[in-house]
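Asker: start_25.cif is the file, holding mmCIF, C-alpha atoms:
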```
data_run
loop_
_atom_site.label_atom_id
_atom_site.label_comp_id
_atom_site.auth_asym_id
_atom_site.auth_seq_id
_atom_site.Cartn_x
_atom_site.Cartn_y
_atom_site.Cartn_z
CA MET T 1 0.00 0.00 0.00
CA SER T 2 2.85 2.38 0.87
CA LYS T 3 4.58 1.58 -2.43
CA THR T 4 1.37 2.41 -4.28
CA LYS T 5 1.09 5.76 -2.50
CA ALA T 6 4.75 6.51 -3.18
CA GLY T 7 4.31 5.71 -6.86
CA ALA T 8 1.21 7.91 -7.05
CA GLY T 9 3.18 10.72 -5.40
CA VAL T 10 5.92 10.45 -8.01
CA TYR T 11 3.37 10.61 -10.84
CA LEU T 12 1.67 13.65 -9.28
CA ARG T 13 5.00 15.45 -9.03
CA LEU T 14 5.73 14.59 -12.65
CA VAL T 15 2.34 15.93 -13.76
CA PHE T 16 2.96 19.13 -11.75
CA LEU T 17 6.34 19.58 -13.43
CA LEU T 18 4.86 19.06 -16.89
CA LEU T 19 1.88 21.36 -16.38
CA ALA T 20 3.38 24.13 -14.22
CA VAL T 21 7.17 24.20 -14.07
CA VAL T 22 8.09 23.25 -17.64
CA PRO T 23 5.91 25.90 -19.39
CA VAL T 24 7.14 28.65 -17.04
CA ALA T 25 10.77 27.58 -17.42
CA GLY T 26 10.36 27.34 -21.19
CA GLY T 27 8.84 30.80 -21.42
CA LEU T 28 11.58 32.23 -19.20
CA LEU T 29 14.32 30.66 -21.34
CA TYR T 30 12.69 31.90 -24.56
CA GLY T 31 12.40 35.42 -23.15
CA LEU T 32 16.03 35.33 -22.03
CA ALA T 33 17.14 34.13 -25.47
CA TYR T 34 15.09 36.87 -27.18
CA SER T 35 16.51 39.57 -24.89
CA LEU T 36 20.05 38.37 -25.66
CA GLY T 37 19.50 38.48 -29.43
CA VAL T 38 19.74 34.70 -29.86
CA THR T 39 16.25 34.44 -31.38
CA GLY T 40 13.60 36.78 -32.74
CA ALA T 41 12.60 38.40 -36.02
CA LEU T 42 15.45 40.94 -35.95
CA SER T 43 18.03 38.75 -34.26
CA THR T 44 21.63 39.69 -35.08
CA GLY T 45 23.36 37.28 -32.75
CA PHE T 46 24.28 37.17 -29.08
CA THR T 47 24.39 40.63 -27.50
CA PHE T 48 23.95 42.38 -24.15
CA LEU T 49 22.83 45.58 -25.87
CA HIS T 50 19.15 45.24 -24.95
CA TRP T 51 19.95 44.55 -21.31
CA GLN T 52 22.32 47.53 -21.25
CA GLN T 53 19.56 49.74 -22.64
CA VAL T 54 17.04 48.52 -20.06
CA LEU T 55 19.38 48.77 -17.08
CA GLY T 56 21.23 51.87 -18.27
CA ASN T 57 18.33 54.31 -18.57
CA GLY T 58 17.00 53.55 -15.09
CA ALA T 59 13.44 52.90 -16.30
CA LEU T 60 13.34 49.35 -14.94
CA LEU T 61 14.68 50.32 -11.52
CA HIS T 62 12.27 53.25 -11.26
CA SER T 63 9.34 51.08 -12.36
CA LEU T 64 10.26 48.29 -9.95
CA THR T 65 10.62 50.75 -7.06
CA TYR T 66 7.26 52.31 -7.89
CA SER T 67 5.62 48.87 -8.11
CA LEU T 68 7.06 47.90 -4.72
CA TYR T 69 5.74 51.14 -3.23
CA ILE T 70 2.23 50.53 -4.61
CA ALA T 71 2.15 46.88 -3.55
CA LEU T 72 3.51 47.55 -0.05
CA ILE T 73 1.09 50.40 0.71
CA ALA T 74 -1.91 48.55 -0.72
CA ILE T 75 -1.26 45.25 1.10
CA THR T 76 -0.54 47.09 4.38
CA ILE T 77 -3.80 49.06 4.29
CA ALA T 78 -5.81 46.04 3.16
CA THR T 79 -4.29 43.81 5.85
CA ALA T 80 -4.92 46.35 8.62
CA THR T 81 -8.53 46.85 7.47
CA ALA T 82 -9.16 43.11 7.20
CA LEU T 83 -7.71 42.50 10.67
CA PHE T 84 -9.95 45.20 12.12
CA MET T 85 -13.07 43.74 10.50
CA THR T 86 -12.15 40.21 11.57
CA LEU T 87 -11.51 41.12 15.21
CA TYR T 88 -14.33 43.60 15.77
CA PHE T 89 -17.10 42.29 13.49
CA LYS T 90 -16.82 38.56 14.27
CA LYS T 91 -20.54 38.02 14.80
CA SER T 92 -21.49 39.78 11.56
CA LEU T 93 -18.94 37.72 9.66
CA SER T 94 -20.22 34.49 11.18
CA TYR T 95 -23.97 34.98 11.05
CA GLY T 96 -24.83 38.38 9.58
CA ALA T 97 -25.30 39.71 6.07
CA LEU T 98 -21.71 40.98 6.03
CA SER T 99 -20.43 37.44 5.53
CA TYR T 100 -22.41 37.19 2.27
CA PHE T 101 -21.75 40.77 1.20
CA LEU T 102 -17.99 40.20 1.21
CA TYR T 103 -18.26 37.56 -1.49
CA LEU T 104 -19.67 40.05 -4.02
CA PRO T 105 -16.44 42.07 -4.58
CA LEU T 106 -14.58 38.80 -5.20
CA THR T 107 -16.59 38.35 -8.40
CA ILE T 108 -15.64 41.77 -9.83
CA PRO T 109 -12.67 41.70 -12.28
CA ALA T 110 -9.75 44.05 -11.79
CA MET T 111 -10.63 46.02 -14.93
CA VAL T 112 -14.17 46.69 -13.65
CA THR T 113 -12.79 47.79 -10.26
CA ALA T 114 -10.42 50.20 -12.00
CA PHE T 115 -13.30 51.61 -14.07
CA LEU T 116 -15.42 52.12 -10.94
CA VAL T 117 -12.57 53.95 -9.18
CA PHE T 118 -12.09 56.07 -12.30
CA GLN T 119 -15.78 57.03 -12.33
CA LEU T 120 -15.65 57.89 -8.65
CA LEU T 121 -12.42 59.86 -8.33
CA THR T 122 -11.88 61.85 -11.53
CA LYS T 123 -12.42 65.60 -11.46
CA SER T 124 -15.80 65.03 -13.11
CA GLY T 125 -16.58 61.89 -11.12
CA LEU T 126 -19.19 61.15 -8.49
CA VAL T 127 -17.11 62.19 -5.46
CA SER T 128 -16.10 65.55 -6.97
CA ARG T 129 -19.72 66.31 -7.91
CA MET T 130 -20.85 65.49 -4.38
CA ALA T 131 -18.13 67.76 -2.98
CA TYR T 132 -19.29 70.52 -5.34
CA THR T 133 -22.94 70.05 -4.36
CA LEU T 134 -22.11 70.15 -0.65
CA GLY T 135 -20.06 73.33 -1.11
CA PHE T 136 -16.64 71.92 -0.28
CA ILE T 137 -15.31 73.14 -3.65
CA SER T 138 -16.52 75.96 -5.89
CA ASP T 139 -15.27 74.43 -9.12
CA LEU T 140 -14.76 70.83 -10.25
CA GLN T 141 -11.17 71.61 -11.20
CA GLN T 142 -10.40 72.28 -7.53
CA PHE T 143 -10.93 68.60 -6.79
CA PRO T 144 -7.52 66.92 -6.32
CA GLY T 145 -6.28 64.53 -8.98
CA LEU T 146 -6.74 61.09 -7.46
CA VAL T 147 -6.37 59.06 -10.66
CA HIS T 148 -3.44 59.18 -13.09
CA ASP T 149 -1.52 60.72 -10.21
CA ALA T 150 2.13 60.27 -9.29
CA LEU T 151 1.33 58.87 -5.83
CA GLY T 152 -0.87 56.14 -7.30
CA PHE T 153 -3.81 56.87 -5.00
CA GLY T 154 -6.34 55.41 -7.43
CA ILE T 155 -4.26 52.26 -7.99
CA ILE T 156 -3.84 51.72 -4.25
CA LEU T 157 -7.55 52.26 -3.57
CA ALA T 158 -8.59 49.83 -6.30
CA HIS T 159 -6.29 47.11 -4.97
CA VAL T 160 -7.44 47.73 -1.40
CA LEU T 161 -11.07 47.37 -2.47
CA MET T 162 -10.22 44.06 -4.09
CA ALA T 163 -8.01 42.74 -1.29
CA VAL T 164 -10.04 43.61 1.82
CA PRO T 165 -12.92 41.13 1.21
CA PHE T 166 -10.52 38.28 0.41
CA LEU T 167 -8.24 38.94 3.38
CA THR T 168 -11.18 39.42 5.74
CA LEU T 169 -12.62 36.04 4.81
CA LEU T 170 -9.14 34.51 5.08
CA PHE T 171 -8.48 35.96 8.54
CA HIS T 172 -11.96 34.98 9.72
CA ALA T 173 -11.39 31.38 8.63
CA ILE T 174 -8.02 31.32 10.41
CA TYR T 175 -9.60 32.85 13.52
CA GLN T 176 -12.06 29.98 13.69
CA GLU T 177 -9.58 27.24 12.76
CA GLN T 178 -7.04 28.36 15.37
CA GLY T 179 -9.70 28.51 18.09
CA LEU T 180 -8.86 32.10 18.96
CA GLU T 181 -12.23 32.64 20.60
CA ASN T 182 -11.36 30.00 23.18
CA LEU T 183 -7.96 31.63 23.69
CA LYS T 184 -9.72 34.96 24.19
CA GLN T 185 -11.91 33.52 26.94
CA ALA T 186 -8.86 31.89 28.55
CA SER T 187 -6.93 35.18 28.50
CA GLU T 188 -9.91 37.01 30.03
CA ASN T 189 -10.09 34.42 32.82
CA LEU T 190 -6.43 35.12 33.53
CA GLY T 191 -7.08 38.86 33.80
CA ALA T 192 -6.04 40.05 30.33
CA ASP T 193 -8.16 42.68 28.63
CA ASN T 194 -9.31 42.72 25.01
CA ALA T 195 -6.47 45.03 23.90
CA TYR T 196 -3.88 42.58 25.22
CA PHE T 197 -5.58 39.66 23.47
CA VAL T 198 -5.70 41.52 20.16
CA LYS T 199 -2.12 42.79 20.31
CA ARG T 200 -0.34 39.79 21.82
CA ILE T 201 -2.37 36.79 20.66
CA ALA T 202 -4.84 37.41 17.82
CA VAL T 203 -2.88 39.65 15.47
CA PRO T 204 0.43 37.69 15.66
CA THR T 205 -1.42 34.39 15.13
CA LEU T 206 -3.44 35.66 12.17
CA LEU T 207 -0.44 37.29 10.48
CA LYS T 208 1.85 34.30 10.98
CA THR T 209 -0.70 31.82 9.65
CA ALA T 210 -1.68 34.00 6.69
CA ALA T 211 1.89 35.07 5.82
CA PRO T 212 2.22 32.88 2.66
CA ASN T 213 -1.12 34.17 1.34
CA LEU T 214 -0.15 37.77 2.10
CA LEU T 215 3.12 37.29 0.24
CA LEU T 216 1.38 35.85 -2.81
CA TYR T 217 -1.17 38.67 -2.83
CA PHE T 218 1.66 41.18 -2.52
CA ILE T 219 3.25 39.66 -5.63
CA PHE T 220 -0.13 39.73 -7.39
CA ILE T 221 -0.34 43.49 -6.79
CA LEU T 222 3.31 43.91 -7.74
CA GLY T 223 2.66 42.43 -11.18
CA SER T 224 -0.82 43.81 -11.78
CA TYR T 225 -1.56 45.24 -15.20
CA GLU T 226 -5.19 46.29 -15.80
CA ILE T 227 -5.55 48.66 -12.85
CA PRO T 228 -2.31 50.67 -13.35
CA LEU T 229 -2.95 50.72 -17.10
CA LEU T 230 -6.38 52.34 -16.74
CA ILE T 231 -5.87 54.70 -13.78
CA GLY T 232 -2.10 54.90 -13.41
CA SER T 233 0.28 57.71 -14.28
CA GLN T 234 2.14 57.72 -17.58
CA GLN T 235 5.23 59.19 -15.92
CA HIS T 236 5.31 56.52 -13.20
CA GLN T 237 4.58 53.08 -14.60
CA MET T 238 4.43 49.74 -12.87
CA VAL T 239 6.62 46.96 -14.25
CA SER T 240 3.92 45.09 -16.14
CA VAL T 241 2.73 48.24 -17.93
CA LEU T 242 6.31 49.17 -18.86
CA ALA T 243 6.98 45.70 -20.29
CA VAL T 244 3.74 45.49 -22.30
CA GLN T 245 4.30 48.94 -23.78
CA LYS T 246 7.65 47.73 -25.08
CA PHE T 247 5.91 44.78 -26.74
CA GLN T 248 3.14 46.88 -28.31
CA ARG T 249 5.19 49.68 -29.82
CA PHE T 250 5.64 49.87 -33.57
CA ASN T 251 9.42 49.83 -33.17
CA LEU T 252 10.33 46.11 -33.25
CA LEU T 253 13.69 46.90 -31.66
CA ASP T 254 11.84 47.57 -28.37
CA ILE T 255 10.53 43.98 -28.18
CA PRO T 256 13.82 42.50 -26.86
CA GLN T 257 13.77 45.18 -24.14
CA GLY T 258 10.26 44.05 -23.21
CA TYR T 259 11.54 40.49 -22.83
CA ALA T 260 14.50 41.71 -20.78
CA ILE T 261 12.16 43.57 -18.43
CA SER T 262 9.90 40.52 -18.11
CA VAL T 263 12.82 38.17 -17.41
CA ALA T 264 14.34 40.55 -14.84
CA PHE T 265 11.01 40.94 -13.06
CA THR T 266 10.39 37.16 -13.06
CA LEU T 267 13.82 36.50 -11.58
CA PHE T 268 13.20 39.17 -8.95
CA VAL T 269 9.88 37.57 -7.98
CA LEU T 270 11.41 34.08 -7.82
CA LEU T 271 14.22 35.40 -5.63
CA LEU T 272 11.71 37.16 -3.38
CA LEU T 273 9.61 34.00 -3.07
CA SER T 274 12.65 31.85 -2.34
CA LEU T 275 14.06 34.13 0.36
CA THR T 276 10.72 34.83 2.00
CA PHE T 277 9.50 31.22 2.10
CA LYS T 278 12.81 30.12 3.59
CA LYS T 279 12.40 32.75 6.30
CA LEU T 280 8.81 31.69 6.94
CA GLN T 281 9.82 28.03 7.24
CA ARG T 282 12.61 28.97 9.64
CA HIS T 283 10.11 30.74 11.94
CA ALA T 284 7.34 28.17 11.52
#
```
Let me see whether you can do it: turn the structure in this file into structure tokens.

Answerer:
Amino acid sequence: MSKTKAGAGVYLRLVFLLLAVVPVAGGLLYGLAYSLGVTGALSTGFTFLHWQQVLGNGALLHSLTYSLYIALIAITIATATALFMTLYFKKSLSYGALSYFLYLPLTIPAMVTAFLVFQLLTKSGLVSRMAYTLGFISDLQQFPGLVHDALGFGIILAHVLMAVPFLTLLFHAIYQEQGLENLKQASENLGADNAYFVKRIAVPTLLKTAAPNLLLYFIFILGSYEIPLLIGSQQHQMVSVLAVQKFQRFNLLDIPQGYAISVAFTLFVLLLLSLTFKKLQRHA
């Protein structure tokens, strides 16, 4: 029986390699070859020219830094909001309508979320018109630019709106699975107040258990495309937008740079995953 299970495990690993690892590795190798001039329509032979152009003008570093800023701010705000809702609206999440309401945003695609944020926050959007009606501003042009802005306010808001429902449901499930309600009662019997339970027991447990999911969602935001494309700034582009623009330009000489950007970003993400998961396993 054990031999049968071992053999099944080997076949499952092989299937995983064929369906997941091999295509990704093949695409990465093809992109690397294209960026080095080994293949492609205008290939002239092995060269580092395209990598020198990408790394030399600072666009990739600026774009990566901007993407990290957006992802870090968005995941931090979303995590804090989700923790607050999980810890202070437990009954509503377990039995009330809020538990069902949170599933609705999960069905909305990123492009639709970006469009909704655009309709809300532009100078002629719903929020600016409400501010004008209430007398907070005397002209629509006085409303601050919250989309296509350098700080990425619209991008961050859109990602927070998408992340909060998912993270809230995740934290709530962990709260129940870890039996934190029983730990809360035990801590109260020992004289601890609610603030101590939240700070010393609940929050560390939720964050530690959800750390792999938070990391993966951080990477999802880091590589997002639709939201920064629709409501992002043209002067400050996230990595995915920068790479796709290289692919879509009429100048075919920009395509190898697009592959170089994609390969560099993929290697960065793999390095980040490797280092972070090792650290998580060490503290598990």

Asker: Apply the PyMOL selection byres ((chain T and resi 238) around 12) to the displayed file and report the matching residues as JSON, numbers by chain.

Answerer: {"T": [59, 60, 61, 62, 63, 64, 65, 66, 67, 68, 69, 70, 71, 150, 151, 152, 155, 221, 222, 223, 224, 225, 226, 227, 228, 229, 230, 231, 232, 233, 234, 235, 236, 237, 239, 240, 241, 242, 243, 244, 245, 261, 262, 265]}

Asker: Mind dumping the selected residues with C-alpha atoms as a CSV table (one decimal), in the coordinates of the input?

Answerer:
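In the end it all went to out17.csv:
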```csv
chain,number,residue,atom,x,y,z
T,59,ALA,CA,13.4,52.9,-16.3
T,60,LEU,CA,13.3,49.4,-14.9
T,61,LEU,CA,14.7,50.3,-11.5
T,62,HIS,CA,12.3,53.2,-11.3
T,63,SER,CA,9.3,51.1,-12.4
T,64,LEU,CA,10.3,48.3,-10.0
T,65,THR,CA,10.6,50.8,-7.1
T,66,TYR,CA,7.3,52.3,-7.9
T,67,SER,CA,5.6,48.9,-8.1
T,68,LEU,CA,7.1,47.9,-4.7
T,69,TYR,CA,5.7,51.1,-3.2
T,70,ILE,CA,2.2,50.5,-4.6
T,71,ALA,CA,2.2,46.9,-3.6
T,150,ALA,CA,2.1,60.3,-9.3
T,151,LEU,CA,1.3,58.9,-5.8
T,152,GLY,CA,-0.9,56.1,-7.3
T,155,ILE,CA,-4.3,52.3,-8.0
T,221,ILE,CA,-0.3,43.5,-6.8
T,222,LEU,CA,3.3,43.9,-7.7
T,223,GLY,CA,2.7,42.4,-11.2
T,224,SER,CA,-0.8,43.8,-11.8
T,225,TYR,CA,-1.6,45.2,-15.2
T,226,GLU,CA,-5.2,46.3,-15.8
T,227,ILE,CA,-5.6,48.7,-12.8
T,228,PRO,CA,-2.3,50.7,-13.4
T,229,LEU,CA,-3.0,50.7,-17.1
T,230,LEU,CA,-6.4,52.3,-16.7
T,231,ILE,CA,-5.9,54.7,-13.8
T,232,GLY,CA,-2.1,54.9,-13.4
T,233,SER,CA,0.3,57.7,-14.3
T,234,GLN,CA,2.1,57.7,-17.6
T,235,GLN,CA,5.2,59.2,-15.9
T,236,HIS,CA,5.3,56.5,-13.2
T,237,GLN,CA,4.6,53.1,-14.6
T,239,VAL,CA,6.6,47.0,-14.2
T,240,SER,CA,3.9,45.1,-16.1
T,241,VAL,CA,2.7,48.2,-17.9
T,242,LEU,CA,6.3,49.2,-18.9
T,243,ALA,CA,7.0,45.7,-20.3
T,244,VAL,CA,3.7,45.5,-22.3
T,245,GLN,CA,4.3,48.9,-23.8
T,261,ILE,CA,12.2,43.6,-18.4
T,262,SER,CA,9.9,40.5,-18.1
T,265,PHE,CA,11.0,40.9,-13.1
```

Asker: Pick out the closest residue to Asn194 (chain T) from this set: T:Lys278, T:Val112, T:Leu146, T:Glu181. Count only C-alpha atoms.

Answerer: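 So, comparing all the options, the nearest one is T:Glu181.
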
Asker: For Leu253 (chain T), which of T:Leu169, T:Val147, T:Met162, T:Leu49 is the closest residue, counting all atoms listed in the file?

Answerer: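 Looking only at the distances to Leu253 (chain T), the closest residue turns out to be T:Leu49.
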
Asker: Kindly give the distance, in Å, that separates CA of Leu102 (chain T) and CA of Leu216 (chain T), rounded to a single decimal.

Answerer: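 Distance reported for this atom pair: 20.3 Å.
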
Asker: Pick out the residues sitting within 12 Å of Thr113 (chain T), and hand them over as JSON, numbers by chain; count all atoms listed in the file, and ignore anything fewer than 2 positions along from it in its own chain.

Answerer: {"T": [105, 106, 107, 108, 109, 110, 111, 115, 116, 117, 118, 119, 120, 154, 155, 156, 157, 158, 159, 160, 161, 162, 163, 226, 227, 228, 230, 231]}

Asker: Using only C-alpha atoms, please write the residues we just selected to a file, as a PDB file, in the frame of the given file.

Answerer:
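So the final result, stored in result_36.pdb, reads:
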```pdb
ATOM      1  CA  PRO T 105     -16.440  42.070  -4.580  1.00  0.00           C
ATOM      2  CA  LEU T 106     -14.580  38.800  -5.200  1.00  0.00           C
ATOM      3  CA  THR T 107     -16.590  38.350  -8.400  1.00  0.00           C
ATOM      4  CA  ILE T 108     -15.640  41.770  -9.830  1.00  0.00           C
ATOM      5  CA  PRO T 109     -12.670  41.700 -12.280  1.00  0.00           C
ATOM      6  CA  ALA T 110      -9.750  44.050 -11.790  1.00  0.00           C
ATOM      7  CA  MET T 111     -10.630  46.020 -14.930  1.00  0.00           C
ATOM      8  CA  PHE T 115     -13.300  51.610 -14.070  1.00  0.00           C
ATOM      9  CA  LEU T 116     -15.420  52.120 -10.940  1.00  0.00           C
ATOM     10  CA  VAL T 117     -12.570  53.950  -9.180  1.00  0.00           C
ATOM     11  CA  PHE T 118     -12.090  56.070 -12.300  1.00  0.00           C
ATOM     12  CA  GLN T 119     -15.780  57.030 -12.330  1.00  0.00           C
ATOM     13  CA  LEU T 120     -15.650  57.890  -8.650  1.00  0.00           C
ATOM     14  CA  GLY T 154      -6.340  55.410  -7.430  1.00  0.00           C
ATOM     15  CA  ILE T 155      -4.260  52.260  -7.990  1.00  0.00           C
ATOM     16  CA  ILE T 156      -3.840  51.720  -4.250  1.00  0.00           C
ATOM     17  CA  LEU T 157      -7.550  52.260  -3.570  1.00  0.00           C
ATOM     18  CA  ALA T 158      -8.590  49.830  -6.300  1.00  0.00           C
ATOM     19  CA  HIS T 159      -6.290  47.110  -4.970  1.00  0.00           C
ATOM     20  CA  VAL T 160      -7.440  47.730  -1.400  1.00  0.00           C
ATOM     21  CA  LEU T 161     -11.070  47.370  -2.470  1.00  0.00           C
ATOM     22  CA  MET T 162     -10.220  44.060  -4.090  1.00  0.00           C
ATOM     23  CA  ALA T 163      -8.010  42.740  -1.290  1.00  0.00           C
ATOM     24  CA  GLU T 226      -5.190  46.290 -15.800  1.00  0.00           C
ATOM     25  CA  ILE T 227      -5.550  48.660 -12.850  1.00  0.00           C
ATOM     26  CA  PRO T 228      -2.310  50.670 -13.350  1.00  0.00           C
ATOM     27  CA  LEU T 230      -6.380  52.340 -16.740  1.00  0.00           C
ATOM     28  CA  ILE T 231      -5.870  54.700 -13.780  1.00  0.00           C
TER      29      ILE T 231
END
```

Asker: For a quick check of understanding, using only C-alpha atoms, which of T:Thr209, T:Thr79, T:Gln142, T:Thr47 has the smallest distance to Val164 (chain T)?

Answerer: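 Among the listed residues, T:Thr79 lies closest to Val164 (chain T).
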
Asker: Find the residues near Ala173 (chain T): any atom within 12 Å, counting all atoms listed in the file, skip ones fewer than 4 places away on the same chain, and give them as a list in words.

Answerer: Leu83, Thr86, Leu87, Lys90, Leu93, Ser94, Ser99, Phe166, Leu167, Thr168, Leu169, Glu177, Gln178, Gly179, Leu180, Leu206, Thr209 and Ala210 of chain T

Asker: Might you pull out every residue within 10 Å of Leu280 (chain T), with all atoms listed in the file counted and same-chain residues fewer than 4 positions away left off, and present them as JSON, numbers by chain?

Answerer: {"T": [208, 209, 211, 212, 275, 276, 284]}

Asker: Mind giving me the straight-line distance from CA of Phe46 (chain T) to CA of Thr266 (chain T) in Å, one decimal?

Answerer: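 Atom-to-atom, CA of Phe46 (chain T) to CA of Thr266 (chain T), that is 21.2 Å.
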
Asker: Considering only C-alpha atoms, can you say which of T:Leu36, T:Leu121, T:Ala114, T:Ala78 comes closest to Pro165 (chain T)?

Answerer: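 That would be T:Ala78, the residue with the smallest distance to Pro165 (chain T).
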
Asker: Write out as a compact mmCIF listing (two decimals) with C-alpha atoms, in the frame of the given file each polymer residue whose atoms come within 12 Å of Gly27 (chain T), counting all atoms listed in the file; drop sequence neighbours fewer than 6 positions from it.

Answerer:
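Here's the written file part14.txt:
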```
# COMPACT_ATOMS: atom_id res chain seq x y z
CA ALA T 20 3.38 24.13 -14.22
CA VAL T 21 7.17 24.20 -14.07
CA ALA T 33 17.14 34.13 -25.47
CA TYR T 34 15.09 36.87 -27.18
CA TYR T 259 11.54 40.49 -22.83
CA SER T 262 9.90 40.52 -18.11
CA VAL T 263 12.82 38.17 -17.41
CA THR T 266 10.39 37.16 -13.06
```

Asker: I'd like to know which of T:Leu252, T:His172, T:Lys91, T:Gln141 is closest to Val203 (chain T), using all atoms listed in the file.

Answerer: T:His172

Asker: So that I can look at just that part, could you write region 203-219 of chain T with N, CA, C and O atoms, as a JSON list (two decimals), in the first residue's frame?

Answerer:
```json
[["chain", "number", "residue", "atom", "x", "y", "z"],
["T", 203, "VAL", "N", -3.57, 39.10, 16.64],
["T", 203, "VAL", "CA", -2.88, 39.65, 15.47],
["T", 203, "VAL", "C", -1.64, 38.84, 15.09],
["T", 203, "VAL", "O", -1.46, 38.49, 13.92],
["T", 204, "PRO", "N", -0.73, 38.51, 16.04],
["T", 204, "PRO", "CA", 0.43, 37.69, 15.66],
["T", 204, "PRO", "C", 0.03, 36.33, 15.07],
["T", 204, "PRO", "O", 0.65, 35.86, 14.10],
["T", 205, "THR", "N", -1.00, 35.69, 15.64],
["T", 205, "THR", "CA", -1.42, 34.39, 15.13],
["T", 205, "THR", "C", -1.98, 34.49, 13.72],
["T", 205, "THR", "O", -1.65, 33.69, 12.83],
["T", 206, "LEU", "N", -2.83, 35.48, 13.50],
["T", 206, "LEU", "CA", -3.44, 35.66, 12.17],
["T", 206, "LEU", "C", -2.39, 35.99, 11.12],
["T", 206, "LEU", "O", -2.40, 35.43, 10.01],
["T", 207, "LEU", "N", -1.46, 36.89, 11.45],
["T", 207, "LEU", "CA", -0.44, 37.29, 10.48],
["T", 207, "LEU", "C", 0.52, 36.15, 10.17],
["T", 207, "LEU", "O", 0.90, 35.94, 9.01],
["T", 208, "LYS", "N", 0.91, 35.41, 11.19],
["T", 208, "LYS", "CA", 1.85, 34.30, 10.98],
["T", 208, "LYS", "C", 1.23, 33.20, 10.13],
["T", 208, "LYS", "O", 1.87, 32.67, 9.23],
["T", 209, "THR", "N", -0.03, 32.88, 10.40],
["T", 209, "THR", "CA", -0.70, 31.82, 9.65],
["T", 209, "THR", "C", -0.98, 32.25, 8.21],
["T", 209, "THR", "O", -0.88, 31.43, 7.28],
["T", 210, "ALA", "N", -1.32, 33.50, 8.03],
["T", 210, "ALA", "CA", -1.68, 34.00, 6.69],
["T", 210, "ALA", "C", -0.49, 34.53, 5.91],
["T", 210, "ALA", "O", -0.67, 35.01, 4.78],
["T", 211, "ALA", "N", 0.71, 34.47, 6.46],
["T", 211, "ALA", "CA", 1.89, 35.07, 5.82],
["T", 211, "ALA", "C", 2.11, 34.60, 4.38],
["T", 211, "ALA", "O", 2.37, 35.43, 3.50],
["T", 212, "PRO", "N", 2.03, 33.29, 4.07],
["T", 212, "PRO", "CA", 2.22, 32.88, 2.66],
["T", 212, "PRO", "C", 1.18, 33.49, 1.72],
["T", 212, "PRO", "O", 1.52, 33.91, 0.61],
["T", 213, "ASN", "N", -0.08, 33.57, 2.16],
["T", 213, "ASN", "CA", -1.12, 34.17, 1.34],
["T", 213, "ASN", "C", -0.89, 35.66, 1.15],
["T", 213, "ASN", "O", -1.11, 36.20, 0.06],
["T", 214, "LEU", "N", -0.44, 36.34, 2.20],
["T", 214, "LEU", "CA", -0.15, 37.77, 2.10],
["T", 214, "LEU", "C", 1.00, 38.02, 1.13],
["T", 214, "LEU", "O", 0.97, 38.98, 0.35],
["T", 215, "LEU", "N", 1.99, 37.15, 1.16],
["T", 215, "LEU", "CA", 3.12, 37.29, 0.24],
["T", 215, "LEU", "C", 2.68, 37.12, -1.20],
["T", 215, "LEU", "O", 3.05, 37.90, -2.09],
["T", 216, "LEU", "N", 1.86, 36.10, -1.45],
["T", 216, "LEU", "CA", 1.38, 35.85, -2.81],
["T", 216, "LEU", "C", 0.49, 36.99, -3.31],
["T", 216, "LEU", "O", 0.55, 37.37, -4.48],
["T", 217, "TYR", "N", -0.33, 37.54, -2.42],
["T", 217, "TYR", "CA", -1.17, 38.67, -2.83],
["T", 217, "TYR", "C", -0.32, 39.91, -3.08],
["T", 217, "TYR", "O", -0.62, 40.70, -3.98],
["T", 218, "PHE", "N", 0.73, 40.08, -2.28],
["T", 218, "PHE", "CA", 1.66, 41.18, -2.52],
["T", 218, "PHE", "C", 2.28, 41.08, -3.91],
["T", 218, "PHE", "O", 2.38, 42.07, -4.64],
["T", 219, "ILE", "N", 2.67, 39.87, -4.31],
["T", 219, "ILE", "CA", 3.25, 39.66, -5.63],
["T", 219, "ILE", "C", 2.21, 39.87, -6.73],
["T", 219, "ILE", "O", 2.51, 40.39, -7.81]]
```
